[in-house]
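Trainee: File model_36.txt below, compact mmCIF, C-alpha atoms:
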```txt
# COMPACT_ATOMS: atom_id res chain seq x y z
CA MET K 41 -3.83 152.71 162.25
CA GLU K 42 -1.09 153.47 159.76
CA SER K 43 -2.37 153.52 156.20
CA ASN K 44 0.44 151.25 155.03
CA VAL K 45 -0.70 148.44 157.29
CA ILE K 46 -2.50 145.51 155.70
CA LYS K 47 -4.28 143.52 158.38
CA ILE K 48 -4.57 140.05 156.85
CA SER K 49 -7.24 138.73 159.22
CA SER K 50 -9.54 141.67 158.41
CA LEU K 51 -8.79 141.75 154.71
CA ILE K 52 -8.99 137.99 154.11
CA SER K 53 -9.57 135.74 157.11
CA SER K 54 -7.93 134.30 160.21
CA ASP K 55 -7.62 131.03 158.28
CA VAL K 56 -6.02 131.66 154.89
CA ARG K 57 -6.12 128.72 152.49
CA SER K 58 -6.68 129.53 148.84
CA ARG K 59 -3.75 130.62 146.72
CA SER K 60 -5.95 133.25 145.11
CA ASN K 61 -6.13 135.16 148.42
CA ALA K 62 -2.69 136.53 147.57
CA ASP K 63 -4.36 138.61 144.84
CA ILE K 64 -6.22 140.45 147.58
CA VAL K 65 -2.88 141.30 149.20
CA ARG K 66 -1.47 142.29 145.81
CA ASN K 67 -4.33 144.71 145.18
CA ALA K 68 -3.91 146.24 148.64
CA MET K 69 -0.17 146.73 148.10
CA MET K 70 -0.73 148.55 144.85
CA ARG K 71 -1.81 151.63 146.77
CA MET K 72 1.40 151.64 148.85
CA SER K 73 4.28 153.80 147.75
CA ASP K 74 7.17 153.22 150.10
CA LYS K 75 6.50 150.66 152.79
CA ALA K 76 3.93 147.93 153.38
CA ILE K 77 3.34 146.26 156.72
CA LEU K 78 1.60 142.90 156.54
CA ASP K 79 -0.01 142.40 159.94
CA PHE K 80 -0.77 138.73 160.66
CA SER K 81 -2.32 139.26 164.09
CA GLY K 82 -5.28 136.94 164.50
CA VAL K 83 -4.20 134.68 161.63
CA SER K 84 -4.05 131.10 162.87
CA PHE K 85 -3.16 129.32 159.63
CA VAL K 86 -1.79 130.03 156.17
CA SER K 87 -1.59 127.33 153.53
CA ARG K 88 1.56 126.47 151.68
CA SER K 89 -0.09 127.54 148.44
CA PHE K 90 -1.02 130.96 149.77
CA SER K 91 2.46 131.39 151.26
CA ASP K 92 4.06 130.58 147.92
CA GLU K 93 1.86 133.05 146.07
CA LEU K 94 2.48 135.68 148.77
CA CYS K 95 6.22 135.27 148.19
CA SER K 96 5.61 135.94 144.49
CA VAL K 97 3.65 139.05 145.38
CA VAL K 98 6.41 140.27 147.70
CA GLU K 99 9.01 139.69 144.98
CA HIS K 100 6.89 141.62 142.52
CA PHE K 101 6.82 144.70 144.75
CA HIS K 102 10.60 144.90 145.00
CA ASN K 103 10.35 148.69 145.16
CA LEU K 104 8.54 148.53 148.50
CA THR K 105 9.94 147.82 151.93
CA ILE K 106 7.75 144.98 153.12
CA VAL K 107 7.59 143.94 156.74
CA MET K 108 5.57 141.06 158.17
CA ILE K 109 4.55 141.41 161.80
CA ASN K 110 2.60 139.57 164.51
CA MET K 111 3.01 136.14 162.97
CA SER K 112 2.19 133.10 165.06
CA ASP K 113 4.75 130.27 165.02
CA VAL K 114 2.64 128.25 162.57
CA VAL K 115 2.38 131.19 160.18
CA ARG K 116 6.00 132.27 160.50
CA ASN K 117 7.34 128.76 160.01
CA MET K 118 5.23 128.16 156.92
CA ILE K 119 6.24 131.38 155.22
CA GLU K 120 9.91 130.86 156.11
CA ILE K 121 9.93 127.29 154.81
CA VAL K 122 8.33 128.36 151.54
CA LYS K 123 10.58 131.40 151.15
CA ASN K 124 13.72 129.34 151.74
CA GLY K 125 12.50 126.58 149.45
CA ARG K 126 12.13 129.05 146.60
CA LYS K 127 15.80 130.01 146.89
CA ASN K 128 17.10 126.48 146.49
CA LYS K 129 16.97 124.06 143.61
CA ARG K 130 14.10 121.68 144.10
CA VAL K 131 15.09 118.11 144.83
CA ARG K 132 12.34 115.66 144.04
CA ILE K 133 12.24 112.13 145.31
CA ASN K 134 11.09 109.97 142.46
CA ASP K 135 8.84 107.15 143.45
CA GLU K 136 10.40 103.83 142.43
CA SER K 137 7.03 102.03 142.30
CA VAL K 138 6.35 100.32 139.00
CA ILE K 139 3.06 101.07 137.29
CA LYS K 140 0.96 97.92 136.93
CA GLU K 141 -1.25 97.66 133.85
CA PHE K 142 -4.32 95.57 133.26
CA ASP K 143 -5.93 94.89 129.90
CA ASN K 144 -9.30 93.77 131.19
CA ILE K 145 -11.57 94.05 134.21
CA ASP K 146 -11.15 90.40 135.25
CA SER K 147 -7.37 90.57 135.59
CA LEU K 148 -7.66 93.90 137.43
CA LEU K 149 -10.19 92.55 139.93
CA LYS K 150 -8.14 89.38 140.44
CA PHE K 151 -5.14 91.54 141.33
CA LEU K 152 -7.12 93.88 143.59
CA ASN K 153 -8.75 91.00 145.45
CA SER K 154 -5.37 89.43 146.07
CA GLU K 155 -4.11 92.71 147.51
CA ALA K 156 -7.10 93.50 149.75
CA MET R 255 -33.57 93.87 128.28
CA ASN R 256 -31.63 93.69 131.53
CA ASN R 257 -30.84 97.13 132.85
CA ILE R 258 -30.66 96.06 136.48
CA VAL R 259 -27.41 96.21 138.41
CA SER R 260 -27.21 94.63 141.83
CA ILE R 261 -25.38 96.92 144.27
CA PRO R 262 -23.02 94.91 146.51
CA ASN R 263 -22.98 95.30 150.27
CA VAL R 264 -19.62 97.01 150.69
CA CYS R 265 -19.21 97.55 154.40
CA ARG R 266 -15.43 97.29 154.64
CA ASP R 267 -12.37 98.87 153.08
CA GLU R 268 -9.48 96.66 154.15
CA ARG R 269 -6.79 98.50 152.30
CA ILE R 270 -7.64 102.06 151.36
CA GLY R 271 -9.50 102.13 148.06
CA SER R 272 -10.32 98.40 148.13
CA ALA R 273 -13.98 99.45 148.01
CA PHE R 274 -13.22 100.42 144.43
CA ASN R 275 -12.83 96.71 143.64
CA HIS R 276 -16.61 96.62 143.78
CA LEU R 277 -17.11 100.02 142.20
CA PHE R 278 -15.04 99.20 139.11
CA ARG R 279 -17.12 96.09 138.53
CA LEU R 280 -20.30 98.12 138.96
CA ILE R 281 -19.13 100.87 136.59
CA HIS R 282 -18.25 98.24 134.01
CA GLN R 283 -21.70 96.68 134.32
CA VAL R 284 -23.46 100.05 134.02
CA GLU R 285 -21.40 101.14 131.02
CA CYS R 286 -22.19 97.84 129.27
CA ILE R 287 -25.95 98.46 129.54
CA ASP R 288 -27.31 99.73 126.25
CA ASP R 289 -30.11 101.75 127.82
CA ASP R 290 -30.28 105.31 129.12
CA ASN R 291 -32.12 104.07 132.22
CA VAL R 292 -30.36 101.88 134.73
CA VAL R 293 -31.85 100.34 137.86
CA TRP R 294 -29.68 99.98 140.94
CA ASP R 295 -31.02 97.15 143.06
CA PHE R 296 -30.14 97.56 146.74
CA SER R 297 -31.75 94.35 148.01
CA GLU R 298 -28.34 92.93 149.06
CA CYS R 299 -27.34 96.06 150.95
CA SER R 300 -27.45 96.87 154.63
CA PHE R 301 -24.54 99.28 155.08
CA PHE R 302 -21.90 101.08 153.02
CA HIS R 303 -18.36 102.00 153.86
CA PRO R 304 -17.73 105.74 153.32
CA PHE R 305 -15.08 104.96 150.70
CA PHE R 306 -17.71 103.10 148.65
CA LEU R 307 -20.63 105.42 149.40
CA PHE R 308 -18.95 108.63 148.28
CA PRO R 309 -17.71 107.51 144.87
CA LEU R 310 -21.00 105.69 144.28
CA ALA R 311 -22.89 108.92 144.92
CA LEU R 312 -20.51 110.85 142.67
CA TYR R 313 -20.77 108.28 139.93
CA LYS R 314 -24.55 108.57 140.01
CA ASP R 315 -24.28 112.39 139.98
CA THR R 316 -21.97 112.51 136.99
CA CYS R 317 -22.77 109.47 134.86
CA GLU R 318 -24.84 110.09 131.78
CA LYS R 319 -27.46 107.48 132.54
CA ASN R 320 -30.66 107.95 134.48
CA VAL R 321 -30.22 105.90 137.65
CA ILE R 322 -33.30 104.54 139.44
CA PHE R 323 -33.06 103.09 142.96
CA LYS R 324 -34.95 99.94 143.82
CA ASN R 325 -35.39 97.71 146.89
CA MET R 326 -33.63 100.03 149.31
CA SER R 327 -34.47 99.09 152.92
CA SER R 328 -36.23 101.73 155.01
CA TYR R 329 -33.10 102.04 157.19
CA LEU R 330 -30.91 102.63 154.18
CA GLN R 331 -33.41 105.08 152.72
CA GLU R 332 -33.38 107.09 155.92
CA TYR R 333 -29.59 107.01 156.12
CA SER R 334 -29.19 107.96 152.49
CA LYS R 335 -31.44 111.01 153.04
CA LEU R 336 -29.38 112.14 156.04
CA ILE R 337 -26.10 112.06 154.14
CA TYR R 338 -27.59 113.38 150.87
CA PHE R 339 -26.60 110.23 148.99
CA GLU R 340 -29.16 110.45 146.19
CA ASP R 341 -29.26 114.21 145.74
CA LEU R 342 -26.05 115.74 146.99
CA LEU R 343 -26.13 118.76 149.31
CA HIS R 344 -25.43 121.58 146.89
CA ILE R 345 -23.57 124.54 148.33
CA ARG R 346 -24.00 127.52 146.05
CA LYS R 347 -22.83 131.13 145.98
CA ASP R 348 -25.74 132.31 148.12
CA THR R 349 -25.80 129.37 150.56
CA CYS R 350 -25.33 130.25 154.22
CA ILE R 351 -22.79 127.56 154.99
CA GLU R 352 -23.03 127.68 158.78
CA ASP R 353 -26.84 127.47 158.74
CA ILE R 354 -26.71 124.35 156.58
CA LEU R 355 -23.80 122.52 158.21
CA ASN R 356 -23.82 123.46 161.91
CA GLY R 357 -26.59 120.92 162.46
CA TYR R 358 -24.02 118.17 161.91
CA MET R 359 -21.88 119.22 164.88
CA ASN R 360 -23.21 116.32 166.99
CA LYS R 361 -23.18 113.72 164.24
CA THR R 362 -20.25 111.52 163.15
CA TYR R 363 -20.31 112.61 159.52
CA ILE R 364 -20.74 115.57 157.26
CA PRO R 365 -23.14 115.00 154.36
CA ILE R 366 -21.96 114.54 150.80
CA CYS R 367 -21.49 118.16 149.71
CA LYS R 368 -21.23 119.41 146.18
CA PHE R 369 -19.90 122.95 146.19
CA ASP R 370 -19.66 125.48 143.40
CA LEU R 371 -16.03 126.38 142.82
CA CYS R 372 -17.02 129.92 141.95
CA ILE R 373 -18.16 130.62 145.52
CA THR R 374 -16.12 133.42 147.01
CA ASN R 375 -16.02 131.91 150.46
CA ILE R 376 -14.40 128.60 149.68
CA ASP R 377 -11.99 129.07 152.59
CA GLY R 378 -14.95 129.69 154.87
CA LEU R 379 -16.53 126.43 153.68
CA GLN R 380 -13.36 124.55 154.56
CA SER R 381 -13.10 126.22 157.98
CA CYS R 382 -16.73 125.40 158.75
CA ILE R 383 -16.39 121.76 157.68
CA GLN R 384 -13.18 121.37 159.64
CA LYS R 385 -14.64 122.86 162.80
CA ILE R 386 -17.49 120.36 162.58
CA ILE R 387 -15.20 117.39 161.95
CA GLU R 388 -12.98 118.32 164.91
CA SER R 389 -16.00 118.67 167.15
CA GLN R 390 -17.38 115.30 166.02
CA CYS R 391 -14.24 113.35 166.84
CA ASN R 392 -12.94 115.36 169.80
CA ALA R 393 -9.53 115.05 168.22
CA ASP R 394 -6.05 115.77 169.54
CA LYS R 395 -5.66 119.54 169.04
CA ARG R 396 -2.48 118.89 167.11
CA ILE R 397 -4.54 117.43 164.24
CA THR R 398 -5.91 120.91 163.47
CA THR R 399 -2.96 122.16 161.44
CA PRO R 400 -2.57 118.96 159.35
CA LEU R 401 -6.32 118.94 158.66
CA SER R 402 -6.14 122.58 157.55
CA TYR R 403 -3.20 121.67 155.36
CA PHE R 404 -4.92 118.70 153.67
CA LEU R 405 -8.15 120.60 152.99
CA GLY R 406 -6.34 123.75 151.92
CA GLU R 407 -3.98 122.10 149.47
CA LEU R 408 -6.38 119.58 147.93
CA ILE R 409 -9.26 121.99 147.44
CA CYS R 410 -6.87 124.63 146.10
CA ASN R 411 -5.71 122.03 143.56
CA ILE R 412 -9.30 121.59 142.38
CA SER R 413 -9.64 125.34 141.87
CA GLN R 414 -6.26 125.75 140.22
CA HIS R 415 -6.04 122.71 137.96
CA SER R 416 -9.25 120.78 137.40
CA ASP R 417 -11.43 123.16 135.32
CA SER R 418 -14.25 121.59 137.31
CA VAL R 419 -17.48 123.47 138.01
CA HIS R 420 -17.98 121.63 141.28
CA GLY R 421 -15.93 120.15 144.09
CA TYR R 422 -17.19 117.40 146.40
CA ILE R 423 -16.45 116.53 150.00
CA TYR R 424 -17.63 113.99 152.55
CA SER R 425 -16.28 112.70 155.83
CA GLN R 426 -17.14 110.09 158.40
CA TYR R 427 -15.55 109.71 161.83
CA ILE R 428 -14.93 106.03 162.63
CA HIS R 429 -14.81 105.88 166.42
CA GLN R 430 -13.60 102.28 166.71
CA GLU R 431 -10.61 102.98 164.48
CA LYS R 432 -10.04 106.50 165.82
CA CYS R 433 -9.79 107.89 162.34
CA ILE R 434 -11.56 110.27 159.99
CA ASP R 435 -12.35 108.86 156.56
CA MET R 436 -12.36 111.90 154.30
CA CYS R 437 -13.19 112.10 150.58
CA ILE R 438 -12.52 115.06 148.26
CA ALA R 439 -13.22 115.07 144.53
CA ASP R 440 -13.85 117.05 141.39
CA SER R 441 -15.54 116.29 138.08
CA GLY R 442 -12.94 118.05 136.00
CA ILE R 443 -10.37 117.33 133.35
CA THR R 444 -8.32 114.79 135.38
CA ILE R 445 -4.65 115.03 136.23
CA LEU R 446 -3.69 113.83 132.78
CA GLY R 447 -6.02 116.44 131.32
CA SER R 448 -4.29 119.23 133.21
CA TYR R 449 -0.87 118.17 131.91
CA VAL R 450 -2.27 117.92 128.38
CA LYS R 451 -3.90 121.34 128.65
CA THR R 452 -0.67 123.01 129.75
CA ARG R 453 1.50 120.80 127.53
CA LYS R 454 3.80 120.01 130.44
CA TYR R 455 5.90 116.85 130.66
CA LEU R 456 3.94 115.26 127.81
CA ASN R 457 7.04 113.57 126.43
CA GLU R 458 7.10 111.47 129.61
CA ILE R 459 3.36 111.20 130.24
CA GLY R 460 1.92 110.67 126.76
CA ASP R 461 -1.74 109.76 127.21
CA ASP R 462 -1.22 107.63 130.30
CA ASP R 463 -3.32 108.57 133.34
CA ALA R 464 -1.21 106.42 135.69
CA ILE R 465 2.03 108.15 134.65
CA ALA R 466 0.32 111.53 135.05
CA ILE R 467 -0.77 110.58 138.58
CA LYS R 468 2.77 109.46 139.40
CA LYS R 469 4.20 112.73 138.09
CA ALA R 470 1.77 114.74 140.19
CA ASN R 471 2.61 112.69 143.28
CA GLU R 472 6.30 113.29 142.68
CA GLY R 473 5.67 117.03 142.65
CA TYR R 474 5.85 117.96 138.97
CA SER R 475 3.42 120.84 138.55
CA THR R 476 1.66 122.01 135.41
CA LYS R 477 2.38 125.53 136.66
CA ASP R 478 6.14 125.22 137.11
CA LEU R 479 7.99 128.04 135.40
CA PRO R 480 11.33 127.56 133.65
CA ASN R 481 13.24 129.43 136.36
CA SER R 482 11.07 128.53 139.31
CA GLU R 483 9.80 125.22 140.64
CA SER R 484 7.92 126.46 143.66
CA ARG R 485 4.68 124.69 142.71
CA GLY R 486 3.65 121.08 142.92
CA TYR R 487 3.98 120.51 146.66
CA GLY R 488 0.31 120.05 147.50
CA ILE R 489 -0.24 116.38 146.73
CA SER R 490 3.24 115.10 147.60
CA SER R 491 3.47 116.92 150.93
CA THR R 492 -0.12 116.06 151.89
CA LYS R 493 0.55 112.41 151.25
CA LYS R 494 3.85 112.38 153.18
CA MET R 495 2.33 114.20 156.12
CA LEU R 496 -0.67 111.88 156.19
CA VAL R 497 1.08 108.55 155.64
CA ASP R 498 4.60 109.01 157.02
CA GLY R 499 3.76 111.60 159.64
CA LEU R 500 0.39 110.51 160.97
CA GLY R 501 0.30 106.82 160.01
CA GLY R 502 -2.71 107.33 157.73
CA ALA R 503 -3.49 106.19 154.20
CA PHE R 504 -3.99 107.91 150.86
CA PHE R 505 -5.78 106.94 147.65
CA MET R 506 -6.17 108.88 144.42
CA LEU R 507 -8.17 107.94 141.32
CA SER R 508 -8.10 110.09 138.19
CA GLY R 509 -9.28 109.15 134.71
CA GLY R 510 -7.86 105.75 133.85
CA GLY R 511 -5.44 105.32 136.73
CA PHE R 512 -5.14 105.24 140.48
CA HIS R 513 -2.51 105.37 143.23
CA ARG R 514 -2.64 104.27 146.81
CA HIS R 515 -0.12 104.68 149.58
CA SER R 516 -0.33 103.26 153.05
CA ASP R 517 2.22 101.91 155.56
CA SER R 518 5.21 101.08 153.41
CA LYS R 519 3.28 100.04 150.31
CA SER R 520 2.72 102.18 147.24
CA ASP R 521 0.86 101.16 144.06
CA TYR R 522 0.27 102.87 140.75
CA ILE R 523 -2.33 101.15 138.60
CA LYS R 524 -3.27 101.75 134.98
CA LEU R 525 -6.89 100.69 134.57
CA PRO R 526 -8.24 98.75 131.60
CA PRO R 527 -9.65 100.94 128.81
CA SER R 528 -13.22 100.03 129.76
CA ILE R 529 -12.93 101.89 133.10
CA ASN R 530 -12.54 105.63 133.30
CA TRP R 531 -13.35 108.01 136.15
CA ASN R 532 -14.58 111.48 135.16
CA GLY R 533 -12.41 113.73 137.26
CA THR R 534 -10.26 113.07 140.31
CA ILE R 535 -11.15 111.59 143.65
CA ILE R 536 -8.99 111.44 146.78
CA LEU R 537 -9.62 109.30 149.84
CA MET R 538 -7.75 109.83 153.09
CA ARG R 539 -7.77 107.84 156.28
CA ILE R 540 -6.67 110.34 158.91
CA PRO R 541 -5.79 109.06 162.40
CA ILE R 542 -6.93 111.50 165.05
CA GLU R 543 -4.20 110.56 167.51
CA VAL R 544 -1.08 112.46 166.53
CA PRO R 545 2.29 110.76 167.25
CA VAL R 546 4.22 112.49 170.00
CA ASP R 547 7.16 113.22 167.71
CA PHE R 548 5.04 114.54 164.82
CA SER R 549 6.30 117.84 163.49
CA TYR R 550 4.14 119.45 160.87
CA GLU R 551 6.95 121.61 159.49
CA LYS R 552 8.94 118.52 158.54
CA TYR R 553 6.53 117.72 155.72
CA VAL R 554 5.83 121.07 154.10
CA GLY R 555 9.33 121.81 152.81
```
Translate this structure into structure tokens?
Mentor:
Amino acid sequence: MESNVIKISSLISSDVRSRSNADIVRNAMMRMSDKAILDFSGVSFVSRSFSDELCSVVEHFHNLTIVMINMSDVVRNMIEIVKNGRKNKRVRINDESVIKEFDNIDSLLKFLNSEA
Amino acid sequence: MNNIVSIPNVCRDERIGSAFNHLFRLIHQVECIDDDNVVWDFSECSFFHPFFLFPLALYKDTCEKNVIFKNMSSYLQEYSKLIYFEDLLHIRKDTCIEDILNGYMNKTYIPICKFDLCITNIDGLQSCIQKIIESQCNADKRITTPLSYFLGELICNISQHSDSVHGYIYSQYIHQEKCIDMCIADSGITILGSYVKTRKYLNEIGDDDAIAIKKANEGYSTKDLPNSESRGYGISSTKKMLVDGLGGAFFMLSGGGFHRHSDSKSDYIKLPPSINWNGTIILMRIPIEVPVDFSYEKYVG
């Protein structure tokens, strides 16, 4: 196996959830000098949080050529969505719901019982 | 001196979080007792809805009073032992997760778990719990990715934002309703606390838990950077995927406020000063039948 290959499923897991897992990838990439291949074979899921942090890691190592290979559709789609989202201005949909306030427990319970 | 609180028989949760109607009253009663020892009288109780059971167990685990159980029926005692209601199932650094949890593969619930957030295999814990839940309900395979998403994002939020030592999780498969009732919580600094700690958006939030919850649900992250707003998707996207995508329901309580979202109805409530929840708790009603036109990618962007 090439020494510039980082096999995600072996290094982390086949099911990658925590954002902090990207630090493991970061540490592995620090020993690379020219090219890094992130091999996602065997990875069935990556969380949005991990994908976002991975994008930050990739951006940090701008001096490396970074290639991602063997991504399942679920993995590829998640990373692409996150990567594209980072390029565009975020548009938030503000919730128009009004916050209801209650001064005492009786008025709160009366409201909640009417809603149940 | 009356330090006895009668526990109500809360066997239903008509609109997600409605079990809290009873819990708020109970918390108020307990907090009004001027005694370090409080007796919970279960003589009225025959069964508890998961969305009442979980927060009740957490409240007992985290409240500063010594809670003594009384008049619990033998059935309820047996049940409460199985789900670790009185003493939560503590998953520590050195716990072999599969050994402890694989025994629940043929049940309809996972026990109330309290897990140390410093464990290195927190992803493994999630994978194990999810595998068990999917086996219990024999769900549509297309629920796997949304379930991974919900667990991944919400537990990551606890690690990233709550400053909590422990996270908590519990689930019950409700066969008649073809849904999973799942509860995830922390005993940390609350959503308001995380905005206060990072001094983000305080001009809009002030000291209002309900506004903080609203901000979090709209996707405003405490970790947004001036030139990058790539954070803050976890709660908002989870809720959209669950409610809009799968037809489920979502409830979040943090500090002195709560939010619930189901069907087309959304509420944000600021609680009276006498009621405050230590930490954040999320309830989700997750249908196991995935709509034909459901597309997971639609909700993560």
Trainee: Have a look at R:Leu280, R:Leu355, R:Ile535, R:Cys299 and name the one nearest to Leu312 in chain R; count only C-alpha atoms.
Mentor: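 Ranked by minimum distance to Leu312 in chain R, first place goes to R:Ile535.
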Trainee: For chain K, which of R:Gly555, R:Gly442, R:Pro309, R:Gly460 is the closest residue, counting only C-alpha atoms?
Mentor: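 The answer is R:Gly555, which sits nearest to chain K.
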Trainee: Residues within 8 Å of Pro304 in chain R, please, as an NGL selection string. Count all atoms listed in the file; anything in the same chain fewer than 3 positions from it doesn't count.
Mentor: :R and (307-308 or 425-426 or 435)
Trainee: Please provide as a PDB file with C-alpha atoms, in the frame of the given file all residues within 7 Å of range 92-102 of chain K, with the sequence filter that same-chain residues fewer than 3 positions apart are discarded (counting all atoms listed in the file).
Mentor:
```pdb
ATOM      1  CA  ARG K  59      -3.750 130.620 146.720  1.00  0.00           C
ATOM      2  CA  ALA K  62      -2.690 136.530 147.570  1.00  0.00           C
ATOM      3  CA  ARG K  66      -1.470 142.290 145.810  1.00  0.00           C
ATOM      4  CA  ARG K  88       1.560 126.470 151.680  1.00  0.00           C
ATOM      5  CA  SER K  89      -0.090 127.540 148.440  1.00  0.00           C
ATOM      6  CA  VAL K 122       8.330 128.360 151.540  1.00  0.00           C
ATOM      7  CA  LYS K 123      10.580 131.400 151.150  1.00  0.00           C
TER       8      LYS K 123
END
```
Trainee: Please produce, as a Markdown table, a per-residue contact table for chain R versus chain K (criterion: any atom at most 8 Å away, only C-alpha atoms considered), showing the nearest atom pair and its distance in Å to one decimal, sorted by chain then residue number.
Mentor:
```
| residue | atom | partner | partner_atom | distance |
| --- | --- | --- | --- | --- |
| R:Glu268 | CA | K:Ala156 | CA | 5.9 |
| R:Arg269 | CA | K:Ala156 | CA | 5.6 |
| R:Ser272 | CA | K:Ala156 | CA | 6.1 |
| R:Asn275 | CA | K:Leu149 | CA | 6.2 |
| R:Phe278 | CA | K:Ile145 | CA | 7.9 |
| R:Arg279 | CA | K:Ile145 | CA | 7.3 |
| R:His282 | CA | K:Ile145 | CA | 7.9 |
| R:Ile376 | CA | K:Ser58 | CA | 7.8 |
| R:Asp377 | CA | K:Arg57 | CA | 5.9 |
| R:Ser381 | CA | K:Asp55 | CA | 7.3 |
| R:Thr399 | CA | K:Phe85 | CA | 7.4 |
| R:Ser402 | CA | K:Phe85 | CA | 7.7 |
| R:Tyr403 | CA | K:Ser87 | CA | 6.2 |
| R:Gly406 | CA | K:Arg57 | CA | 5.0 |
| R:Glu407 | CA | K:Ser89 | CA | 6.8 |
| R:Cys410 | CA | K:Ser58 | CA | 5.6 |
| R:Ala464 | CA | K:Ile139 | CA | 7.0 |
| R:Ile465 | CA | K:Ile139 | CA | 7.6 |
| R:Lys468 | CA | K:Asp135 | CA | 7.7 |
| R:Glu472 | CA | K:Asn134 | CA | 5.8 |
| R:Gly473 | CA | K:Arg132 | CA | 6.9 |
| R:Ser482 | CA | K:Arg126 | CA | 7.4 |
| R:Glu483 | CA | K:Arg130 | CA | 6.6 |
| R:Ser484 | CA | K:Arg126 | CA | 5.8 |
| R:Arg485 | CA | K:Asp92 | CA | 7.9 |
| R:Gly488 | CA | K:Ser89 | CA | 7.6 |
| R:Ser520 | CA | K:Ser137 | CA | 6.6 |
| R:Asp521 | CA | K:Ser137 | CA | 6.5 |
| R:Tyr522 | CA | K:Ile139 | CA | 4.8 |
| R:Ile523 | CA | K:Lys140 | CA | 4.9 |
| R:Lys524 | CA | K:Glu141 | CA | 4.7 |
| R:Leu525 | CA | K:Phe142 | CA | 5.9 |
| R:Pro526 | CA | K:Asp143 | CA | 4.8 |
| R:Pro527 | CA | K:Asp143 | CA | 7.2 |
| R:Ser528 | CA | K:Asn144 | CA | 7.5 |
| R:Glu551 | CA | K:Asn117 | CA | 7.2 |
| R:Val554 | CA | K:Arg88 | CA | 7.3 |
| R:Gly555 | CA | K:Ile121 | CA | 5.9 |
```
Trainee: Can you spit out the residues from that selection as a compact mmCIF listing (two decimals), keeping the file's coordinate frame, using C-alpha atoms?
Mentor:
```txt
# COMPACT_ATOMS: atom_id res chain seq x y z
CA GLU R 268 -9.48 96.66 154.15
CA ARG R 269 -6.79 98.50 152.30
CA SER R 272 -10.32 98.40 148.13
CA ASN R 275 -12.83 96.71 143.64
CA PHE R 278 -15.04 99.20 139.11
CA ARG R 279 -17.12 96.09 138.53
CA HIS R 282 -18.25 98.24 134.01
CA ILE R 376 -14.40 128.60 149.68
CA ASP R 377 -11.99 129.07 152.59
CA SER R 381 -13.10 126.22 157.98
CA THR R 399 -2.96 122.16 161.44
CA SER R 402 -6.14 122.58 157.55
CA TYR R 403 -3.20 121.67 155.36
CA GLY R 406 -6.34 123.75 151.92
CA GLU R 407 -3.98 122.10 149.47
CA CYS R 410 -6.87 124.63 146.10
CA ALA R 464 -1.21 106.42 135.69
CA ILE R 465 2.03 108.15 134.65
CA LYS R 468 2.77 109.46 139.40
CA GLU R 472 6.30 113.29 142.68
CA GLY R 473 5.67 117.03 142.65
CA SER R 482 11.07 128.53 139.31
CA GLU R 483 9.80 125.22 140.64
CA SER R 484 7.92 126.46 143.66
CA ARG R 485 4.68 124.69 142.71
CA GLY R 488 0.31 120.05 147.50
CA SER R 520 2.72 102.18 147.24
CA ASP R 521 0.86 101.16 144.06
CA TYR R 522 0.27 102.87 140.75
CA ILE R 523 -2.33 101.15 138.60
CA LYS R 524 -3.27 101.75 134.98
CA LEU R 525 -6.89 100.69 134.57
CA PRO R 526 -8.24 98.75 131.60
CA PRO R 527 -9.65 100.94 128.81
CA SER R 528 -13.22 100.03 129.76
CA GLU R 551 6.95 121.61 159.49
CA VAL R 554 5.83 121.07 154.10
CA GLY R 555 9.33 121.81 152.81
```
